[in-house]
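coords-v5.txt, holding compact mmCIF, C-alpha atoms and all ligand atoms:
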# COMPACT_ATOMS: atom_id res chain seq x y z
CA MET C 1 -264.45 -11.83 -15.04
CA ILE C 2 -261.94 -14.50 -13.98
CA ASN C 3 -258.72 -12.85 -12.83
CA ILE C 4 -255.79 -15.06 -12.06
CA VAL C 5 -252.49 -13.92 -10.64
CA LEU C 6 -249.76 -16.33 -11.70
CA PHE C 7 -247.23 -16.06 -8.94
CA GLY C 8 -243.69 -17.35 -8.65
CA LYS C 9 -240.02 -16.52 -8.51
CA PRO C 10 -238.08 -15.49 -11.61
CA GLY C 11 -237.79 -18.53 -13.86
CA ALA C 12 -240.64 -20.44 -12.23
CA GLY C 13 -242.36 -20.89 -15.60
CA LYS C 14 -245.15 -18.34 -15.40
CA GLY C 15 -244.77 -17.20 -19.00
CA THR C 16 -244.65 -20.74 -20.39
CA GLN C 17 -247.79 -21.79 -18.54
CA ALA C 18 -249.60 -18.55 -19.34
CA GLU C 19 -249.36 -19.38 -23.05
CA PHE C 20 -251.53 -22.49 -22.53
CA LEU C 21 -253.88 -21.05 -19.96
CA LYS C 22 -254.76 -17.92 -21.88
CA THR C 23 -256.07 -19.97 -24.81
CA LYS C 24 -257.86 -22.55 -22.70
CA TYR C 25 -259.77 -20.00 -20.63
CA ASN C 26 -259.87 -17.10 -23.14
CA LEU C 27 -257.99 -14.74 -20.85
CA ALA C 28 -255.84 -11.75 -21.72
CA HIS C 29 -252.25 -12.55 -20.70
CA LEU C 30 -250.58 -9.48 -19.24
CA SER C 31 -246.89 -9.95 -18.55
CA THR C 32 -245.37 -6.77 -17.13
CA GLY C 33 -241.88 -8.05 -18.03
CA ASP C 34 -242.96 -8.57 -21.67
CA ILE C 35 -244.62 -5.15 -21.83
CA PHE C 36 -241.47 -3.51 -20.45
CA ARG C 37 -239.29 -5.41 -22.94
CA PHE C 38 -241.59 -4.34 -25.80
CA ASN C 39 -241.13 -0.73 -24.70
CA ILE C 40 -237.37 -1.15 -24.44
CA LYS C 41 -237.26 -2.58 -27.96
CA ASN C 42 -239.26 0.35 -29.27
CA GLN C 43 -237.18 2.84 -27.30
CA THR C 44 -240.15 4.56 -25.68
CA GLN C 45 -239.76 6.83 -22.64
CA LEU C 46 -241.22 4.08 -20.48
CA GLY C 47 -238.76 1.60 -21.98
CA LYS C 48 -235.78 3.82 -21.24
CA LEU C 49 -236.87 4.27 -17.65
CA ALA C 50 -237.64 0.57 -17.10
CA LYS C 51 -234.35 -0.54 -18.64
CA SER C 52 -232.31 1.32 -16.03
CA TYR C 53 -233.91 -0.83 -13.32
CA MET C 54 -234.38 -4.12 -15.17
CA ASP C 55 -230.79 -4.41 -16.34
CA LYS C 56 -229.67 -4.42 -12.72
CA GLY C 57 -232.36 -6.88 -11.68
CA ASP C 58 -234.17 -4.24 -9.61
CA LEU C 59 -237.92 -3.79 -9.63
CA VAL C 60 -239.29 -0.88 -11.65
CA PRO C 61 -240.99 1.69 -9.35
CA ASP C 62 -244.58 0.84 -8.39
CA GLU C 63 -246.17 3.97 -9.75
CA VAL C 64 -244.76 3.43 -13.24
CA THR C 65 -245.58 -0.27 -13.28
CA THR C 66 -249.11 0.14 -11.99
CA LYS C 67 -249.99 2.84 -14.49
CA MET C 68 -248.74 0.65 -17.32
CA LEU C 69 -250.67 -2.36 -16.02
CA ILE C 70 -253.92 -0.43 -15.74
CA ASP C 71 -253.54 0.91 -19.27
CA SER C 72 -253.05 -2.67 -20.50
CA VAL C 73 -256.13 -3.93 -18.67
CA GLU C 74 -258.22 -1.12 -20.10
CA SER C 75 -257.25 -2.05 -23.63
CA ASN C 76 -257.98 -5.79 -23.19
CA LEU C 77 -261.48 -5.86 -21.79
CA ASP C 78 -262.87 -8.12 -24.52
CA LYS C 79 -261.79 -11.44 -22.94
CA ASN C 80 -263.19 -13.56 -20.07
CA GLY C 81 -260.70 -11.96 -17.71
CA PHE C 82 -256.99 -11.63 -17.06
CA LEU C 83 -253.97 -13.71 -16.41
CA PHE C 84 -251.55 -11.48 -14.54
CA ASP C 85 -247.95 -12.63 -14.97
CA GLY C 86 -245.34 -10.67 -13.01
CA TYR C 87 -247.84 -8.33 -11.40
CA PRO C 88 -248.32 -7.64 -8.53
CA ARG C 89 -244.78 -7.89 -7.19
CA THR C 90 -245.16 -5.63 -4.14
CA LEU C 91 -247.86 -5.07 -1.54
CA SER C 92 -248.49 -1.62 -2.92
CA GLN C 93 -249.10 -3.13 -6.39
CA ALA C 94 -251.45 -5.73 -4.89
CA GLU C 95 -253.48 -3.00 -3.20
CA ALA C 96 -253.54 -0.93 -6.38
CA LEU C 97 -254.79 -3.95 -8.35
CA LYS C 98 -257.50 -4.60 -5.80
CA VAL C 99 -258.71 -1.00 -5.90
CA PHE C 100 -258.60 -0.92 -9.68
CA LEU C 101 -260.47 -4.22 -10.12
CA SER C 102 -263.14 -3.00 -7.72
CA THR C 103 -263.87 -0.18 -10.18
CA LYS C 104 -264.70 -2.98 -12.65
CA SER C 105 -266.83 -4.72 -9.97
CA SER C 106 -264.23 -7.45 -9.95
CA ILE C 107 -261.60 -9.12 -7.77
CA VAL C 108 -258.54 -11.33 -8.00
CA THR C 109 -260.31 -14.68 -8.33
CA ALA C 110 -257.23 -16.71 -7.45
CA THR C 111 -253.50 -16.41 -6.97
CA ILE C 112 -251.66 -19.51 -8.09
CA ALA C 113 -248.02 -19.91 -7.15
CA LEU C 114 -245.61 -22.08 -9.12
CA GLU C 115 -243.16 -23.38 -6.54
CA ALA C 116 -239.59 -24.41 -7.19
CA ASP C 117 -236.27 -24.44 -5.44
CA ASP C 118 -234.02 -21.35 -5.87
CA GLU C 119 -230.97 -23.25 -7.08
CA ILE C 120 -232.93 -25.02 -9.82
CA LEU C 121 -234.36 -21.67 -10.92
CA VAL C 122 -231.02 -19.88 -11.02
CA GLN C 123 -229.70 -22.65 -13.29
CA ARG C 124 -232.80 -22.36 -15.52
CA LEU C 125 -232.30 -18.62 -15.89
CA LEU C 126 -228.61 -18.97 -16.76
CA GLU C 127 -229.62 -21.54 -19.43
CA ARG C 128 -232.34 -19.20 -20.72
CA GLY C 129 -229.79 -16.36 -20.80
CA LYS C 130 -227.78 -18.21 -23.44
CA THR C 131 -230.60 -17.75 -25.95
CA SER C 132 -233.02 -15.13 -24.58
CA GLY C 133 -230.72 -12.16 -25.11
CA ARG C 134 -232.00 -10.78 -21.80
CA PRO C 135 -229.22 -8.90 -19.99
CA ASP C 136 -230.83 -9.75 -16.63
CA ASP C 137 -230.53 -13.50 -17.37
CA GLN C 138 -226.85 -13.50 -18.26
CA ASP C 139 -225.13 -12.57 -15.06
CA GLU C 140 -225.42 -14.60 -11.89
CA GLU C 141 -225.09 -11.52 -9.70
CA LYS C 142 -228.08 -9.85 -11.39
CA ILE C 143 -230.06 -13.06 -11.07
CA ARG C 144 -229.26 -13.23 -7.35
CA ASN C 145 -230.38 -9.60 -7.03
CA ARG C 146 -233.74 -10.51 -8.60
CA TYR C 147 -234.16 -13.22 -5.96
CA GLN C 148 -233.31 -10.72 -3.25
CA GLU C 149 -235.93 -8.34 -4.63
CA TYR C 150 -238.37 -11.24 -4.69
CA ASN C 151 -237.65 -12.27 -1.08
CA GLU C 152 -237.87 -8.73 0.26
CA LYS C 153 -240.72 -7.25 -1.74
CA THR C 154 -242.71 -10.02 -3.43
CA ALA C 155 -242.72 -12.92 -0.95
CA PRO C 156 -244.92 -10.98 1.55
CA LEU C 157 -247.72 -11.25 -1.03
CA ILE C 158 -248.08 -14.94 -0.19
CA GLU C 159 -249.40 -14.04 3.28
CA TYR C 160 -251.45 -11.22 1.80
CA TYR C 161 -253.30 -13.53 -0.59
CA LYS C 162 -253.49 -16.38 1.94
CA ASN C 163 -255.28 -14.01 4.29
CA GLN C 164 -257.77 -13.31 1.53
CA GLY C 165 -258.39 -17.04 1.16
CA ASN C 166 -257.61 -17.24 -2.54
CA PHE C 167 -254.02 -18.51 -2.57
CA HIS C 168 -253.13 -21.84 -4.20
CA ALA C 169 -249.69 -23.39 -4.56
CA VAL C 170 -248.69 -25.80 -7.29
CA ASN C 171 -245.49 -27.80 -7.64
CA GLY C 172 -243.54 -26.12 -10.46
CA ILE C 173 -241.16 -29.02 -11.03
CA GLY C 174 -242.13 -31.50 -13.73
CA THR C 175 -242.85 -31.50 -17.44
CA ILE C 176 -244.63 -28.48 -18.93
CA GLN C 177 -247.69 -30.67 -19.49
CA GLU C 178 -247.72 -31.97 -15.91
CA ILE C 179 -247.61 -28.45 -14.56
CA THR C 180 -250.34 -27.27 -16.95
CA ASP C 181 -252.49 -30.15 -15.68
CA ARG C 182 -251.91 -29.10 -12.07
CA LEU C 183 -252.85 -25.51 -12.86
CA THR C 184 -255.99 -26.40 -14.82
CA LYS C 185 -257.13 -28.60 -11.96
CA VAL C 186 -256.94 -25.61 -9.61
CA ILE C 187 -258.69 -23.28 -12.06
CA ASP C 188 -261.45 -25.77 -12.87
CA ASN C 189 -262.22 -26.06 -9.16
CA LEU C 190 -262.48 -22.33 -8.52
P1 LIG O 1 -238.72 -12.84 -14.31
O1 LIG O 1 -239.96 -13.19 -13.56
O2 LIG O 1 -238.14 -14.02 -15.03
O3 LIG O 1 -237.71 -12.11 -13.49
P2 LIG O 1 -240.11 -10.76 -15.87
O4 LIG O 1 -240.06 -10.74 -17.33
O5 LIG O 1 -241.43 -11.03 -15.21
O6 LIG O 1 -239.03 -11.85 -15.47
O7 LIG O 1 -239.54 -9.40 -15.26
C1 LIG O 1 -238.30 -8.87 -15.65
C2 LIG O 1 -238.02 -7.56 -14.93
O8 LIG O 1 -239.04 -6.59 -15.24
C3 LIG O 1 -238.02 -7.61 -13.40
O9 LIG O 1 -236.78 -8.05 -12.87
C4 LIG O 1 -238.32 -6.13 -13.07
O10 LIG O 1 -237.17 -5.31 -13.25
C5 LIG O 1 -239.31 -5.73 -14.13
N1 LIG O 1 -240.70 -5.96 -13.67
C6 LIG O 1 -241.58 -6.86 -14.18
N2 LIG O 1 -242.75 -6.82 -13.51
C7 LIG O 1 -242.60 -5.88 -12.53
C8 LIG O 1 -243.43 -5.38 -11.50
N3 LIG O 1 -244.67 -5.86 -11.32
N4 LIG O 1 -242.95 -4.42 -10.69
C9 LIG O 1 -241.72 -3.93 -10.85
N5 LIG O 1 -240.87 -4.36 -11.79
C10 LIG O 1 -241.29 -5.32 -12.64

How does this structure look as structure tokens?
Ligand code: ADP
Amino acid sequence: MINIVLFGKPGAGKGTQAEFLKTKYNLAHLSTGDIFRFNIKNQTQLGKLAKSYMDKGDLVPDEVTTKMLIDSVESNLDKNGFLFDGYPRTLSQAEALKVFLSTKSSIVTATIALEADDEILVQRLLERGKTSGRPDDQDEEKIRNRYQEYNEKTAPLIEYYKNQGNFHAVNGIGTIQEITDRLTKVIDNL
């Protein structure tokens, strides 16, 4: 299995790049944000719970998110591996992923971070909010809260994965194609 964690701040372009990478490498793309939004749309229990956090720009509790992620992995075992987009976002999630993958005799092959400056990203999200319909993209205060959540809870994962020797950073500013090329170069050299 090839398991890639696509890492980056909100708006860094993880979802856009995942669309190309999943086809090229035959990976299952698991976006926790997309799975939550699907549940919100279908008004499931999980969706109702997640919405109360997401609308404010807060992270959904680890236990809920991890259970959902594991269920999604279990139902997508027919591909070459996984492209994790938006998971893990906390150290506890990273540990849970590690333990779970070990039950499949597998590991996180690489974590690839898409890097970009906060101010550029906030502007991107506000632009996206005009068409995405996402409540968390439409209000600058909620966007700032997502960055605060990122800085407090998600940024420590950079050290965590660096210590494991599988962290790669890629410049996330450029055309979609340029960034795809940078990512494929990293993946092809794994
Ligand atoms: P973005 O990266 O642009 O903020 P996502 O679609 O990945 O957007 O996530 C949207 C929201 O979904 C997050 O702000 C958070 O509330 C929730 N969420 C997604 N993934 C996780 C996760 N791994 N842990 C906790 N909450 C999550």

- Task: Find the residue from C:Lys22, C:Arg146, C:Arg182, C:Lys79 that sits nearest to ligand LIG 1 (chain O); use only C-alpha atoms and all ligand atoms when measuring.
- Result: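 Of all the options, C:Arg146 lies closest to ligand LIG 1 (chain O).
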
- Report the distance between atom CA of C:Asn166 and atom CA of C:Tyr147 in Å, rounded to one decimal place.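 So the answer is 24.0 Å.
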
- Message: Within 10 Å of (-225.9, -13.8, -12.4) (file coordinates; all atoms listed in the file), which protein or nucleic acid residues are there? I'd like them as a count of residues only.
- Response: 18

Draw an axis-aligned box tight on the listed atoms of stretch 31-43 of chain C, then pad every side by 8 Å and write out centre and edge lengths in Å to one decimal as JSON.
{"center_x": -242.0, "center_y": -3.6, "center_z": -23.2, "size_x": 25.7, "size_y": 28.8, "size_z": 28.1}

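With all atoms listed in the file as the atoms that count, the residue of C:Thr23, C:Asn171, C:Thr65, C:Thr180 with the shortest distance to ligand LIG 1 (chain O) is C:Thr65.
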
- atom O3 of ligand LIG 1 (chain O) to atom CA of C:Gly33, distance in Å rounded to a single decimal: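 Those two atoms sit 7.4 Å apart.
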
- Query: So what do you get for atom CA of C:Glu115 versus atom CA of C:Leu91, distance-wise?
  - Reply: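 Atom-to-atom, atom CA of C:Glu115 and atom CA of C:Leu91 are spaced 19.6 Å apart.
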
What are the closest atom pairs, with distances in Å to one decimal, for all residues of chain C lying within 8 Å of ligand LIG 1 (chain O)? Consider only C-alpha atoms and all ligand atoms, order rows by chain and residue number, and present the result as JSON lines.
{"residue": "C:Gly8", "atom": "CA", "partner": "O:LIG1", "partner_atom": "O1", "distance": 7.4}
{"residue": "C:Lys9", "atom": "CA", "partner": "O:LIG1", "partner_atom": "O1", "distance": 6.0}
{"residue": "C:Pro10", "atom": "CA", "partner": "O:LIG1", "partner_atom": "O1", "distance": 3.6}
{"residue": "C:Gly11", "atom": "CA", "partner": "O:LIG1", "partner_atom": "O2", "distance": 4.7}
{"residue": "C:Ala12", "atom": "CA", "partner": "O:LIG1", "partner_atom": "O1", "distance": 7.4}
{"residue": "C:Lys14", "atom": "CA", "partner": "O:LIG1", "partner_atom": "O1", "distance": 7.5}
{"residue": "C:Gly15", "atom": "CA", "partner": "O:LIG1", "partner_atom": "O5", "distance": 8.0}
{"residue": "C:Ser31", "atom": "CA", "partner": "O:LIG1", "partner_atom": "O5", "distance": 6.5}
{"residue": "C:Thr32", "atom": "CA", "partner": "O:LIG1", "partner_atom": "N2", "distance": 4.5}
{"residue": "C:Gly33", "atom": "CA", "partner": "O:LIG1", "partner_atom": "O4", "distance": 3.3}
{"residue": "C:Asp34", "atom": "CA", "partner": "O:LIG1", "partner_atom": "O4", "distance": 5.7}
{"residue": "C:Phe36", "atom": "CA", "partner": "O:LIG1", "partner_atom": "O8", "distance": 6.5}
{"residue": "C:Arg37", "atom": "CA", "partner": "O:LIG1", "partner_atom": "O4", "distance": 7.8}
{"residue": "C:Ala50", "atom": "CA", "partner": "O:LIG1", "partner_atom": "O10", "distance": 7.0}
{"residue": "C:Lys51", "atom": "CA", "partner": "O:LIG1", "partner_atom": "O10", "distance": 7.7}
{"residue": "C:Tyr53", "atom": "CA", "partner": "O:LIG1", "partner_atom": "O10", "distance": 5.5}
{"residue": "C:Met54", "atom": "CA", "partner": "O:LIG1", "partner_atom": "O10", "distance": 3.6}
{"residue": "C:Asp55", "atom": "CA", "partner": "O:LIG1", "partner_atom": "O10", "distance": 7.1}
{"residue": "C:Lys56", "atom": "CA", "partner": "O:LIG1", "partner_atom": "O10", "distance": 7.6}
{"residue": "C:Gly57", "atom": "CA", "partner": "O:LIG1", "partner_atom": "O9", "distance": 4.7}
{"residue": "C:Asp58", "atom": "CA", "partner": "O:LIG1", "partner_atom": "O10", "distance": 4.8}
{"residue": "C:Leu59", "atom": "CA", "partner": "O:LIG1", "partner_atom": "N5", "distance": 3.7}
{"residue": "C:Val60", "atom": "CA", "partner": "O:LIG1", "partner_atom": "N5", "distance": 3.8}
{"residue": "C:Pro61", "atom": "CA", "partner": "O:LIG1", "partner_atom": "C9", "distance": 5.9}
{"residue": "C:Asp62", "atom": "CA", "partner": "O:LIG1", "partner_atom": "N4", "distance": 6.0}
{"residue": "C:Thr65", "atom": "CA", "partner": "O:LIG1", "partner_atom": "N4", "distance": 5.6}
{"residue": "C:Thr66", "atom": "CA", "partner": "O:LIG1", "partner_atom": "N3", "distance": 7.5}
{"residue": "C:Asp85", "atom": "CA", "partner": "O:LIG1", "partner_atom": "O5", "distance": 6.7}
{"residue": "C:Gly86", "atom": "CA", "partner": "O:LIG1", "partner_atom": "O5", "distance": 4.5}
{"residue": "C:Tyr87", "atom": "CA", "partner": "O:LIG1", "partner_atom": "N3", "distance": 4.0}
{"residue": "C:Pro88", "atom": "CA", "partner": "O:LIG1", "partner_atom": "N3", "distance": 4.9}
{"residue": "C:Arg89", "atom": "CA", "partner": "O:LIG1", "partner_atom": "N3", "distance": 4.6}
{"residue": "C:Thr90", "atom": "CA", "partner": "O:LIG1", "partner_atom": "N4", "distance": 7.0}
{"residue": "C:Gln93", "atom": "CA", "partner": "O:LIG1", "partner_atom": "N3", "distance": 7.2}
{"residue": "C:Leu125", "atom": "CA", "partner": "O:LIG1", "partner_atom": "O2", "distance": 7.5}
{"residue": "C:Asp136", "atom": "CA", "partner": "O:LIG1", "partner_atom": "O9", "distance": 7.2}
{"residue": "C:Asp137", "atom": "CA", "partner": "O:LIG1", "partner_atom": "O2", "distance": 8.0}
{"residue": "C:Arg146", "atom": "CA", "partner": "O:LIG1", "partner_atom": "O9", "distance": 5.8}

Emit the selected residues as an mmCIF file, in the coordinates of the input, including C-alpha atoms.
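See out_1.cif below for the written result:
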data_model
loop_
_atom_site.group_PDB
_atom_site.id
_atom_site.type_symbol
_atom_site.label_atom_id
_atom_site.label_comp_id
_atom_site.auth_asym_id
_atom_site.auth_seq_id
_atom_site.Cartn_x
_atom_site.Cartn_y
_atom_site.Cartn_z
ATOM 1 C CA GLY C 8 -243.690 -17.350 -8.650
ATOM 2 C CA LYS C 9 -240.020 -16.520 -8.510
ATOM 3 C CA PRO C 10 -238.080 -15.490 -11.610
ATOM 4 C CA GLY C 11 -237.790 -18.530 -13.860
ATOM 5 C CA ALA C 12 -240.640 -20.440 -12.230
ATOM 6 C CA LYS C 14 -245.150 -18.340 -15.400
ATOM 7 C CA GLY C 15 -244.770 -17.200 -19.000
ATOM 8 C CA SER C 31 -246.890 -9.950 -18.550
ATOM 9 C CA THR C 32 -245.370 -6.770 -17.130
ATOM 10 C CA GLY C 33 -241.880 -8.050 -18.030
ATOM 11 C CA ASP C 34 -242.960 -8.570 -21.670
ATOM 12 C CA PHE C 36 -241.470 -3.510 -20.450
ATOM 13 C CA ARG C 37 -239.290 -5.410 -22.940
ATOM 14 C CA ALA C 50 -237.640 0.570 -17.100
ATOM 15 C CA LYS C 51 -234.350 -0.540 -18.640
ATOM 16 C CA TYR C 53 -233.910 -0.830 -13.320
ATOM 17 C CA MET C 54 -234.380 -4.120 -15.170
ATOM 18 C CA ASP C 55 -230.790 -4.410 -16.340
ATOM 19 C CA LYS C 56 -229.670 -4.420 -12.720
ATOM 20 C CA GLY C 57 -232.360 -6.880 -11.680
ATOM 21 C CA ASP C 58 -234.170 -4.240 -9.610
ATOM 22 C CA LEU C 59 -237.920 -3.790 -9.630
ATOM 23 C CA VAL C 60 -239.290 -0.880 -11.650
ATOM 24 C CA PRO C 61 -240.990 1.690 -9.350
ATOM 25 C CA ASP C 62 -244.580 0.840 -8.390
ATOM 26 C CA THR C 65 -245.580 -0.270 -13.280
ATOM 27 C CA THR C 66 -249.110 0.140 -11.990
ATOM 28 C CA ASP C 85 -247.950 -12.630 -14.970
ATOM 29 C CA GLY C 86 -245.340 -10.670 -13.010
ATOM 30 C CA TYR C 87 -247.840 -8.330 -11.400
ATOM 31 C CA PRO C 88 -248.320 -7.640 -8.530
ATOM 32 C CA ARG C 89 -244.780 -7.890 -7.190
ATOM 33 C CA THR C 90 -245.160 -5.630 -4.140
ATOM 34 C CA GLN C 93 -249.100 -3.130 -6.390
ATOM 35 C CA LEU C 125 -232.300 -18.620 -15.890
ATOM 36 C CA ASP C 136 -230.830 -9.750 -16.630
ATOM 37 C CA ASP C 137 -230.530 -13.500 -17.370
ATOM 38 C CA ARG C 146 -233.740 -10.510 -8.600
#

- Message: If we count only C-alpha atoms and set the cut-off at 6 Å, which residues sit around C:Ile4, ignoring sequence neighbours fewer than 6 positions away in its own chain? Please answer as a PyMOL selection string.
- Response: chain C and resi 83+109-111

Output C-alpha atoms for every residue in that selection, as an mmCIF file, in the frame of the given file.
data_model
loop_
_atom_site.group_PDB
_atom_site.id
_atom_site.type_symbol
_atom_site.label_atom_id
_atom_site.label_comp_id
_atom_site.auth_asym_id
_atom_site.auth_seq_id
_atom_site.Cartn_x
_atom_site.Cartn_y
_atom_site.Cartn_z
ATOM 1 C CA LEU C 83 -253.970 -13.710 -16.410
ATOM 2 C CA THR C 109 -260.310 -14.680 -8.330
ATOM 3 C CA ALA C 110 -257.230 -16.710 -7.450
ATOM 4 C CA THR C 111 -253.500 -16.410 -6.970
#

- Shortest interatomic distance to C:Leu21 - which of C:Asn80, C:Gln45, C:Ser106, C:Thr131, counting only C-alpha atoms: C:Asn80

- Quick one: everything within 12 Å of C:Pro156, counting all atoms listed in the file, minus sequence neighbours fewer than 2 positions away in the same chain. Send it as number ranges by chain. C: 7, 88-94, 149-154, 158-163

- Restricting the calculation to only C-alpha atoms, which member of C:Lys98, C:Phe84, C:Ser105, C:Gly172 is positioned closest to C:Asp117?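 Residue with the minimum atom-to-atom distance to C:Asp117: C:Gly172.
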
- Message: So, with all atoms listed in the file as the atoms that count, which of C:Ile120, C:Leu6, C:Asp78, C:Phe20 lies closest to C:Asp181?
- Response: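 Comparing C:Ile120, C:Leu6, C:Asp78, C:Phe20 against C:Asp181, the winner is C:Phe20.
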
- Name the closest residue to C:Glu63 among the candidates C:Ala96, C:Glu19, C:Thr175, C:Asn76; distances are taken between atoms, counting all atoms listed in the file. C:Ala96

Can I get stretch 115-126 of chain C with N, CA and C atoms filled in, as a CSV table (one decimal), in the coordinates of the input?
chain,number,residue,atom,x,y,z
C,115,GLU,N,-244.2,-23.3,-7.5
C,115,GLU,CA,-243.2,-23.4,-6.5
C,115,GLU,C,-242.0,-24.2,-7.1
C,116,ALA,N,-240.8,-23.7,-6.8
C,116,ALA,CA,-239.6,-24.4,-7.2
C,116,ALA,C,-238.4,-23.9,-6.4
C,117,ASP,N,-237.4,-24.7,-6.2
C,117,ASP,CA,-236.3,-24.4,-5.4
C,117,ASP,C,-235.4,-23.4,-6.1
C,118,ASP,N,-234.9,-22.4,-5.3
C,118,ASP,CA,-234.0,-21.4,-5.9
C,118,ASP,C,-232.9,-21.8,-6.8
C,119,GLU,N,-232.2,-22.8,-6.3
C,119,GLU,CA,-231.0,-23.2,-7.1
C,119,GLU,C,-231.3,-23.8,-8.5
C,120,ILE,N,-232.5,-24.5,-8.5
C,120,ILE,CA,-232.9,-25.0,-9.8
C,120,ILE,C,-233.3,-23.8,-10.7
C,121,LEU,N,-233.9,-22.8,-10.1
C,121,LEU,CA,-234.4,-21.7,-10.9
C,121,LEU,C,-233.2,-20.8,-11.4
C,122,VAL,N,-232.2,-20.7,-10.6
C,122,VAL,CA,-231.0,-19.9,-11.0
C,122,VAL,C,-230.4,-20.6,-12.2
C,123,GLN,N,-230.3,-21.9,-12.2
C,123,GLN,CA,-229.7,-22.6,-13.3
C,123,GLN,C,-230.6,-22.5,-14.6
C,124,ARG,N,-231.9,-22.5,-14.4
C,124,ARG,CA,-232.8,-22.4,-15.5
C,124,ARG,C,-232.6,-21.0,-16.2
C,125,LEU,N,-232.4,-20.0,-15.3
C,125,LEU,CA,-232.3,-18.6,-15.9
C,125,LEU,C,-231.0,-18.5,-16.6
C,126,LEU,N,-229.9,-19.1,-16.1
C,126,LEU,CA,-228.6,-19.0,-16.8
C,126,LEU,C,-228.7,-19.7,-18.1
